[in-house]
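Chemist: Okay, here's the structure, questions in a sec.
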Amino acid sequence: MKIGVVIAIERELKAFLESGETLELVTVGRRSAYRAQMGAHEVYAVLSGWGEIDAASATQFLITAFDCELIMNFGVAGAIRPGLAVRDLFAVRAAINYDFDTSCIDPVGPHQYSEYPDAGIPLDAELVALAKSIRPDLRETVAASGERFVEDPADKDSLAALGCDICDMEVAAIARVAERNGVKAFSVKCISDTYEGDGGDFQKNVTAGAVKAFALLRELLHHIDDTADV
């Protein structure tokens, strides 16, 4: 299977680059991806950059340039509820683009795209279930996803009120673009900064959190080898 991996920043990409895989840099037009053979899969990893726009562009690049059948994402996220700890792992079952809202002019709820029954943009449920079977302590969640780093407790509270536990800046775009192309999507996130934390905690924990998230993604790839219907 051809699998694309969207990675937001260089400190997260480092976990992939230092995984021991044999890597080849492949350039198409003005963009490049790292290609690796991981088990039965041909994997292409792209450094997208921060935010939804860059993540959407990278996702479409992987699908268009390499015919990827599955888009995966790993990295860190911020906790928006008290009681969650640094390095807690989450599989994202749905993402809410909290910057998107046409409810004042369309018959939809806040942050809801008309194609979906609610504000959540779904990721692949079978892959979430498979990941949880590998790591029984893995939690599944809805992620709030937007174009800014969230530090203010009041902002965290408002996002948690949407039914979310974590927030990031890419996964809503990845899920949306993959779904529009008829491609499955999966994301695993590791908490880098808690509800009480801030950007300093992110800076301190991002590298180790990315390593932990990538370890699960890598293990999941080998289980997909044995799962014919995924």
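Residue names in the structure tokens use chain letters A, B, ... in the order shown, residue numbers from 1 in each chain, and ligand numbers from 1 in the order shown.
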With region 45-52 of chain A as the partner and 12 Å as the cut-off, tabulate the residues of region 112-168 of chain A that qualify, each row holding the nearest pair of atoms and their distance in Å to one decimal, using only C-alpha atoms, sorted by chain and rising number, as a tab-separated table.
Modeler:
residue	atom	partner	partner_atom	distance
A:Ala144	CA	A:Glu52	CA	11.8
A:Ser145	CA	A:Glu52	CA	8.0
A:Gly146	CA	A:Glu52	CA	6.6
A:Glu147	CA	A:Gly51	CA	5.3
A:Arg148	CA	A:Gly51	CA	7.5
A:Phe149	CA	A:Gly51	CA	9.4
A:Cys167	CA	A:Gly51	CA	11.8
A:Asp168	CA	A:Gly51	CA	8.4
Chemist: What lies within 10 Å of Asp152 (chain A) using only C-alpha atoms, ignoring chain neighbours under 4 positions off, as a PDB file with C-alpha atoms, in the first residue's frame?
Modeler:
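Once everything was written out, this is out.pdb:
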ATOM      1  CA  ILE A  80      -7.522  21.490  26.605  1.00  0.00           C
ATOM      2  CA  LYS A 156      -9.062  25.957  25.999  1.00  0.00           C
ATOM      3  CA  ASP A 157     -12.364  25.904  27.885  1.00  0.00           C
ATOM      4  CA  TYR A 195      -4.165  22.436  30.296  1.00  0.00           C
ATOM      5  CA  GLU A 196      -1.994  24.422  32.713  1.00  0.00           C
ATOM      6  CA  GLY A 197       0.927  24.494  30.271  1.00  0.00           C
ATOM      7  CA  ASP A 198       2.071  26.945  27.621  1.00  0.00           C
TER       8      ASP A 198
END
Chemist: I need the residue nearest Ala215 (chain A) from this list: A:Leu127, A:Val26, A:Cys190, A:Cys104. Use only C-alpha atoms for the distance.
Modeler: A:Cys190
Chemist: Would you mind telling me which residue in A:Ile224, A:Ala95, A:Leu17, A:Met38 lies nearest to Gly163 (chain A) when using only C-alpha atoms?
Modeler: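 Among A:Ile224, A:Ala95, A:Leu17, A:Met38, it is A:Ala95 that comes nearest to Gly163 (chain A).
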Chemist: List every residue of region 52-124 of chain A that DSSP, applied to the backbone of this structure, places in alpha helix (DSSP H), and write the result as a list in words.
Modeler: Glu52, Ile53, Asp54, Ala55, Ala56, Ser57, Ala58, Thr59, Gln60, Phe61, Leu62, Ile63, Thr64, Ala65 and Phe66 of chain A
Chemist: Would you save the residues of that selection, restricted to N, CA and C atoms, as a CSV table (one decimal), in the first residue's frame?
Modeler:
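Ended up saving to result.csv:
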chain,number,residue,atom,x,y,z
A,52,GLU,N,-3.3,24.7,9.1
A,52,GLU,CA,-4.3,24.0,8.2
A,52,GLU,C,-4.0,24.1,6.7
A,53,ILE,N,-3.6,25.3,6.3
A,53,ILE,CA,-3.4,25.5,4.9
A,53,ILE,C,-2.2,24.7,4.4
A,54,ASP,N,-1.1,24.7,5.1
A,54,ASP,CA,0.1,23.9,4.7
A,54,ASP,C,-0.2,22.4,4.8
A,55,ALA,N,-1.0,22.0,5.9
A,55,ALA,CA,-1.3,20.6,6.0
A,55,ALA,C,-2.2,20.1,4.9
A,56,ALA,N,-3.2,21.0,4.5
A,56,ALA,CA,-4.0,20.6,3.3
A,56,ALA,C,-3.2,20.5,2.0
A,57,SER,N,-2.3,21.4,1.8
A,57,SER,CA,-1.4,21.3,0.6
A,57,SER,C,-0.6,20.1,0.6
A,58,ALA,N,0.0,19.7,1.8
A,58,ALA,CA,0.8,18.5,1.8
A,58,ALA,C,0.0,17.3,1.6
A,59,THR,N,-1.2,17.2,2.2
A,59,THR,CA,-2.0,16.1,2.0
A,59,THR,C,-2.4,15.9,0.6
A,60,GLN,N,-2.8,16.9,-0.1
A,60,GLN,CA,-3.1,16.8,-1.5
A,60,GLN,C,-1.9,16.4,-2.4
A,61,PHE,N,-0.8,16.9,-2.0
A,61,PHE,CA,0.5,16.6,-2.7
A,61,PHE,C,0.7,15.1,-2.6
A,62,LEU,N,0.6,14.5,-1.5
A,62,LEU,CA,0.8,13.1,-1.3
A,62,LEU,C,-0.2,12.2,-2.1
A,63,ILE,N,-1.4,12.7,-2.2
A,63,ILE,CA,-2.4,11.9,-2.9
A,63,ILE,C,-2.2,12.1,-4.4
A,64,THR,N,-1.9,13.3,-4.9
A,64,THR,CA,-1.8,13.5,-6.3
A,64,THR,C,-0.5,13.0,-6.9
A,65,ALA,N,0.6,13.3,-6.2
A,65,ALA,CA,1.9,12.9,-6.7
A,65,ALA,C,2.3,11.5,-6.6
A,66,PHE,N,1.8,10.8,-5.5
A,66,PHE,CA,2.2,9.4,-5.2
A,66,PHE,C,1.1,8.4,-5.1
